[in-house]
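Q: Sending over a structure as structure tokens; questions will come in a sec.
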Amino acid sequence: MGPRMFRRAALSALLLVLVACGGSGGGNARGDDLAVQVASYDLATGPTRFILGLLTLDQRLIGYGTVDLRFSYVGTKENADPQPFGPVVKAAYLPIHGSETPSPPPSAPEIVLSSESRGVYGAQTTFDKAGFWEVEATAVVDGKARTGKGAFAVNATHAIPAVGDQALPTETLTLTTPDVPLPAIDSRAGSGEIPDPDLHRTTIAASLAAKRPVVAVFATPVYCTSRFCGPVTDLVDELAHQYADRADFVHVEIWRDFQNRTVNKSAADWVLRNDQLNEPWIFVIGADGRITARFDNVATRQELEPLLRALPVIGPAAG
Amino acid sequence: MLRRSLVAALLVAVAGCGGSDGPDPNATLVDAHAALCEAAAEPARARALFFDRAHDALHEVARRVEESERPLAAQLLEAKEVVESDLTATRQARPDDLRRLAEVYRTTLGRLAITVAPCD
């Protein structure tokens, strides 16, 4: 193998390792003392919300306060081009629904128990080119700066419907859709009862046709891979009761039949791409049918509520 | 020189990925079963035991068997959800549900060649 070919092969291997490690939070051999789990899905060039989870190397969660993030472009599979880390971006703690956040919340990051609080850190940032990137997170815990790194991919364009896109007029399953097993409407309906019936009264298509804003959550609370589907669905259910006069709220269950690996068509249309399925997702759709916000994996009341309050009161859906 | 530094970088990255100085992953999975048994016996501590010691392990084990043992993964996640829903909504879970979850989890661990004794 010539030097050039060797360089390319070695750099490609390095990139693959970095990305493979990115999801699992490795990196302690590089002097890191935090494990970073990149929690964002479907990152693409341009301005975006970026979220990550932080753990100690013995798998204890870090929560509260803010942490510093720095990003560096690493290159593509074909062409490694490692760049130095950019400026610091502050990321705030986003506790998932159901967390018991003390009042006032701790101002600095600390080790938290999962039974008290689970969440991620989120920041707004911009990726200027597609390829592999690395994030370095620094959290000051008990007065000591701890760092960790994670790698992730940024695509040229989003694979999943994004802000500004026209929403897909999907005929989602409802309580009145004939010949549908209840767990296909909500995976929690195994006992014969849909736990959040108000999220299954209309379809995205019907709401779009009625020119009503929609908050659609795509999640499988039982068979979730991300661990956040249940809390995210519960959050949307809670908001649905509060803001039914401003928008329609729809829960789209991912699985038609989990055991036989059949995805509901409405879920596939929105969030299944190239056999890749990530959930949960929340999409906020305006009365004009365009997506105004989307949240991957984790969304909080603090992020969603201002969007709902900004909508005009139009009254509850007819029927 | 370049070749040497690239090899070194690759080795460092691979070593970092391995996480060899973290806790034994199987120990965490076994401890999760113990936590579920404790939770069934001590309902007042069930929420902390479930979320702090068992929840992530349940997801991890379900993920590991999802391809090869899909029905078992489904059973495990369904049993987990029953407990998790109750703990989230009421902060309590029924001991019978916890015991059932522990048993499904024990069976699933067995498929991964990890042996644990049933709850007492």
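In the structure tokens, chains take letters A, B, ... by order of appearance, with residues numbered from 1 within each chain and ligands from 1 in the order shown.
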Compile the contact shell of A:Thr66 as a list in words: residues with an atom at most 7 Å away, counting only C-alpha atoms, same-chain residues fewer than 6 positions apart removed.
A: Lys90, Ala91, Ala92, Tyr93, Ala108 and Pro109 of chain A
Q: So which bits of stretch 59-254 of chain A end up strand (DSSP E or B) when you DSSP the backbone, as an MDAnalysis selection string?
A: chainID A and resid 61:63 66:75 80 89:95 110:112 119:127 131:141 144:155 166 214:218 248:252
Q: Convert the current residue selection to file output with C-alpha atoms, as an mmCIF file, in the first residue's frame.
A:
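For reference, out13.cif as written:
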```cif
data_model
loop_
_atom_site.group_PDB
_atom_site.id
_atom_site.type_symbol
_atom_site.label_atom_id
_atom_site.label_comp_id
_atom_site.auth_asym_id
_atom_site.auth_seq_id
_atom_site.Cartn_x
_atom_site.Cartn_y
_atom_site.Cartn_z
ATOM 1 C CA LEU A 61 -25.707 11.246 34.774
ATOM 2 C CA ILE A 62 -24.662 14.883 34.760
ATOM 3 C CA GLY A 63 -27.481 17.402 34.989
ATOM 4 C CA THR A 66 -24.781 24.873 31.583
ATOM 5 C CA VAL A 67 -21.835 23.221 29.885
ATOM 6 C CA ASP A 68 -19.426 24.459 27.251
ATOM 7 C CA LEU A 69 -19.400 22.866 23.832
ATOM 8 C CA ARG A 70 -16.824 23.272 21.110
ATOM 9 C CA PHE A 71 -17.142 21.738 17.677
ATOM 10 C CA SER A 72 -14.536 20.682 15.191
ATOM 11 C CA TYR A 73 -14.897 19.483 11.642
ATOM 12 C CA VAL A 74 -13.073 16.207 11.104
ATOM 13 C CA GLY A 75 -13.633 15.471 7.435
ATOM 14 C CA ALA A 80 -10.041 13.706 6.277
ATOM 15 C CA VAL A 89 -21.154 27.459 22.658
ATOM 16 C CA LYS A 90 -23.105 27.364 25.916
ATOM 17 C CA ALA A 91 -25.500 24.439 26.260
ATOM 18 C CA ALA A 92 -28.298 24.490 28.821
ATOM 19 C CA TYR A 93 -29.750 21.530 30.667
ATOM 20 C CA LEU A 94 -33.033 20.242 29.256
ATOM 21 C CA PRO A 95 -34.691 17.979 31.831
ATOM 22 C CA GLU A 110 -23.784 18.093 39.144
ATOM 23 C CA ILE A 111 -24.138 14.337 39.268
ATOM 24 C CA VAL A 112 -27.832 13.491 39.376
ATOM 25 C CA GLY A 119 -32.086 15.074 30.543
ATOM 26 C CA VAL A 120 -29.672 16.344 27.948
ATOM 27 C CA TYR A 121 -27.791 19.549 27.260
ATOM 28 C CA GLY A 122 -28.901 21.552 24.267
ATOM 29 C CA ALA A 123 -27.507 24.473 22.290
ATOM 30 C CA GLN A 124 -28.208 26.282 19.072
ATOM 31 C CA THR A 125 -25.310 26.064 16.683
ATOM 32 C CA THR A 126 -24.522 26.059 12.985
ATOM 33 C CA PHE A 127 -22.649 23.465 10.965
ATOM 34 C CA GLY A 131 -19.078 15.410 7.055
ATOM 35 C CA PHE A 132 -17.928 14.060 10.356
ATOM 36 C CA TRP A 133 -17.686 16.405 13.299
ATOM 37 C CA GLU A 134 -16.463 16.132 16.849
ATOM 38 C CA VAL A 135 -17.884 17.842 19.903
ATOM 39 C CA GLU A 136 -15.943 18.533 23.067
ATOM 40 C CA ALA A 137 -18.078 19.094 26.159
ATOM 41 C CA THR A 138 -16.740 20.663 29.330
ATOM 42 C CA ALA A 139 -18.706 20.636 32.570
ATOM 43 C CA VAL A 140 -17.470 22.087 35.831
ATOM 44 C CA VAL A 141 -18.658 19.592 38.440
ATOM 45 C CA LYS A 144 -13.439 20.541 38.664
ATOM 46 C CA ALA A 145 -13.580 20.886 34.889
ATOM 47 C CA ARG A 146 -14.428 17.576 33.265
ATOM 48 C CA THR A 147 -14.332 17.036 29.532
ATOM 49 C CA GLY A 148 -15.493 14.480 27.046
ATOM 50 C CA LYS A 149 -15.724 14.135 23.304
ATOM 51 C CA GLY A 150 -18.150 12.572 20.899
ATOM 52 C CA ALA A 151 -18.309 12.296 17.142
ATOM 53 C CA PHE A 152 -21.267 12.575 14.834
ATOM 54 C CA ALA A 153 -22.217 13.007 11.198
ATOM 55 C CA VAL A 154 -23.679 16.118 9.593
ATOM 56 C CA ASN A 155 -25.461 15.616 6.273
ATOM 57 C CA GLN A 166 -44.570 21.378 3.808
ATOM 58 C CA VAL A 214 -50.727 20.597 14.566
ATOM 59 C CA VAL A 215 -48.332 19.271 17.152
ATOM 60 C CA ALA A 216 -47.455 15.740 16.064
ATOM 61 C CA VAL A 217 -45.423 13.400 18.224
ATOM 62 C CA PHE A 218 -43.967 10.288 16.613
ATOM 63 C CA ASP A 248 -54.558 19.841 17.212
ATOM 64 C CA PHE A 249 -52.364 17.295 18.937
ATOM 65 C CA VAL A 250 -51.607 13.937 17.355
ATOM 66 C CA HIS A 251 -49.614 10.975 18.601
ATOM 67 C CA VAL A 252 -48.375 8.712 15.823
#
```
Q: Nearest residue to chain B out of A:Ile204, A:Val163, A:Leu34, A:Ala287, using only C-alpha atoms?
A: A:Leu34
Q: Considering only C-alpha atoms, return as a PyMOL selection string whatever protein or nucleic-acid residues lie within 6 Å of stretch 80-84 of chain B, sequence-local ones (same chain, fewer than 4 positions apart) excluded.
A: (chain A and resi 222) or (chain B and resi 88+93)
Q: Pick out the residues sitting within 6 Å of stretch 32-41 of chain B, and hand them over as a VMD selection string; count only C-alpha atoms, and ignore anything fewer than 3 positions along from it in its own chain.
A: chain B and resid 29 46 49 53 to 54 95 98 to 99 102 119
Q: Near A:Arg188, within 7 Å and counting only C-alpha atoms, which residues show up once chain neighbours fewer than 3 positions away are dropped, as a list in words?
A: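 What passes the distance filter is Pro183, Ile194, Pro195, Pro221 and Val222 of chain A.
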Q: Calculated over only C-alpha atoms, which of the candidates A:Phe258, A:Phe228, A:Tyr41, A:Tyr243 has the smallest distance to A:Leu304?
A: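 So, comparing all the options, the nearest one is A:Tyr243.
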Q: Kindly indicate which residue among A:Val36, A:Ile51, A:Leu113, A:Ala159 lies nearest to chain B, using only C-alpha atoms for the distances.
A: A:Leu113
Q: Select from chain B everything DSSP, run on the backbone, classes as helix (DSSP H, G or I), then give the selection as a count of residues only.
A: 95
Q: For B:Ala57, please output as number ranges by chain all residues within 10 Å (counting only C-alpha atoms; exclusion window: fewer than 4 positions along the same chain).
A: B: 25-26, 28-33, 50-53, 61-63, 105
Q: Output N, CA and C atoms for every residue in that selection, as a PDB file, in the first residue's frame.
A:
```pdb
ATOM      1  N   PRO B  25     -19.764  -4.270  32.180  1.00  0.00           N
ATOM      2  CA  PRO B  25     -21.149  -4.073  31.741  1.00  0.00           C
ATOM      3  C   PRO B  25     -22.082  -5.165  32.249  1.00  0.00           C
ATOM      4  N   ASN B  26     -21.586  -6.386  32.338  1.00  0.00           N
ATOM      5  CA  ASN B  26     -22.459  -7.459  32.828  1.00  0.00           C
ATOM      6  C   ASN B  26     -22.806  -7.265  34.298  1.00  0.00           C
ATOM      7  N   THR B  28     -23.387  -4.509  35.768  1.00  0.00           N
ATOM      8  CA  THR B  28     -24.498  -3.563  35.801  1.00  0.00           C
ATOM      9  C   THR B  28     -25.813  -4.260  35.456  1.00  0.00           C
ATOM     10  N   LEU B  29     -25.749  -5.164  34.489  1.00  0.00           N
ATOM     11  CA  LEU B  29     -26.961  -5.869  34.075  1.00  0.00           C
ATOM     12  C   LEU B  29     -27.446  -6.801  35.178  1.00  0.00           C
ATOM     13  N   VAL B  30     -26.521  -7.449  35.841  1.00  0.00           N
ATOM     14  CA  VAL B  30     -26.896  -8.341  36.952  1.00  0.00           C
ATOM     15  C   VAL B  30     -27.455  -7.530  38.111  1.00  0.00           C
ATOM     16  N   ASP B  31     -26.826  -6.414  38.386  1.00  0.00           N
ATOM     17  CA  ASP B  31     -27.292  -5.561  39.488  1.00  0.00           C
ATOM     18  C   ASP B  31     -28.721  -5.061  39.235  1.00  0.00           C
ATOM     19  N   ALA B  32     -29.038  -4.841  37.968  1.00  0.00           N
ATOM     20  CA  ALA B  32     -30.394  -4.373  37.639  1.00  0.00           C
ATOM     21  C   ALA B  32     -31.429  -5.403  38.073  1.00  0.00           C
ATOM     22  N   HIS B  33     -31.111  -6.677  37.918  1.00  0.00           N
ATOM     23  CA  HIS B  33     -32.054  -7.714  38.348  1.00  0.00           C
ATOM     24  C   HIS B  33     -32.210  -7.678  39.863  1.00  0.00           C
ATOM     25  N   PHE B  50     -35.721   1.345  40.591  1.00  0.00           N
ATOM     26  CA  PHE B  50     -36.013   1.118  39.171  1.00  0.00           C
ATOM     27  C   PHE B  50     -35.230   2.098  38.294  1.00  0.00           C
ATOM     28  N   PHE B  51     -35.359   3.385  38.589  1.00  0.00           N
ATOM     29  CA  PHE B  51     -34.743   4.366  37.691  1.00  0.00           C
ATOM     30  C   PHE B  51     -33.222   4.449  37.860  1.00  0.00           C
ATOM     31  N   ASP B  52     -32.746   4.288  39.073  1.00  0.00           N
ATOM     32  CA  ASP B  52     -31.309   4.472  39.294  1.00  0.00           C
ATOM     33  C   ASP B  52     -30.486   3.237  38.957  1.00  0.00           C
ATOM     34  N   ARG B  53     -31.099   2.052  39.079  1.00  0.00           N
ATOM     35  CA  ARG B  53     -30.280   0.851  38.882  1.00  0.00           C
ATOM     36  C   ARG B  53     -30.772  -0.091  37.789  1.00  0.00           C
ATOM     37  N   VAL B  61     -30.507  -4.440  27.540  1.00  0.00           N
ATOM     38  CA  VAL B  61     -30.719  -5.868  27.297  1.00  0.00           C
ATOM     39  C   VAL B  61     -31.760  -6.073  26.190  1.00  0.00           C
ATOM     40  N   ALA B  62     -32.810  -5.269  26.205  1.00  0.00           N
ATOM     41  CA  ALA B  62     -33.812  -5.364  25.133  1.00  0.00           C
ATOM     42  C   ALA B  62     -33.164  -5.092  23.784  1.00  0.00           C
ATOM     43  N   ARG B  63     -32.299  -4.101  23.761  1.00  0.00           N
ATOM     44  CA  ARG B  63     -31.622  -3.764  22.500  1.00  0.00           C
ATOM     45  C   ARG B  63     -30.744  -4.920  22.024  1.00  0.00           C
ATOM     46  N   TYR B 105     -36.959 -10.314  32.698  1.00  0.00           N
ATOM     47  CA  TYR B 105     -35.582  -9.810  32.550  1.00  0.00           C
ATOM     48  C   TYR B 105     -34.575 -10.936  32.785  1.00  0.00           C
TER      49      TYR B 105
END
```
Q: Which residue gives the smallest distance to chain A among B:Pro118, B:Pro71, B:Ala79, B:Ala44, with only C-alpha atoms counted?
A: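 Between B:Pro118, B:Pro71, B:Ala79, B:Ala44, the residue approaching chain A most closely is B:Pro71.
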Q: What is the atom CA of A:Thr220-atom CA of A:Ile254 distance in Å, reported with one decimal?
A: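 Pair atom CA of A:Thr220 / atom CA of A:Ile254 returns 5.3 Å.
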Q: Give the answer as one residue: which of A:Glu116, A:Glu303, A:Asp81, A:Asp196 has the shortest atom-to-atom distance to chain B, using only C-alpha atoms?
A: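 Comparing A:Glu116, A:Glu303, A:Asp81, A:Asp196 against chain B, the winner is A:Glu116.
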Q: Closest to chain B among A:Val298, A:Cys229, A:Val88, A:Ile282, using only C-alpha atoms?
A: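 Going through A:Val298, A:Cys229, A:Val88, A:Ile282 one by one, the smallest distance to chain B is for A:Cys229.
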Q: In Å, rounded to a single decimal, give me how far atom CA of A:Ser266 is from atom CA of A:Glu171.
A: 6.6 Å
Q: Between atom CA of A:Thr174 and atom CA of A:Trp281, what is the distance in Å, rounded to a tenth?
A: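 Separation between atom CA of A:Thr174 and atom CA of A:Trp281: 18.5 Å.
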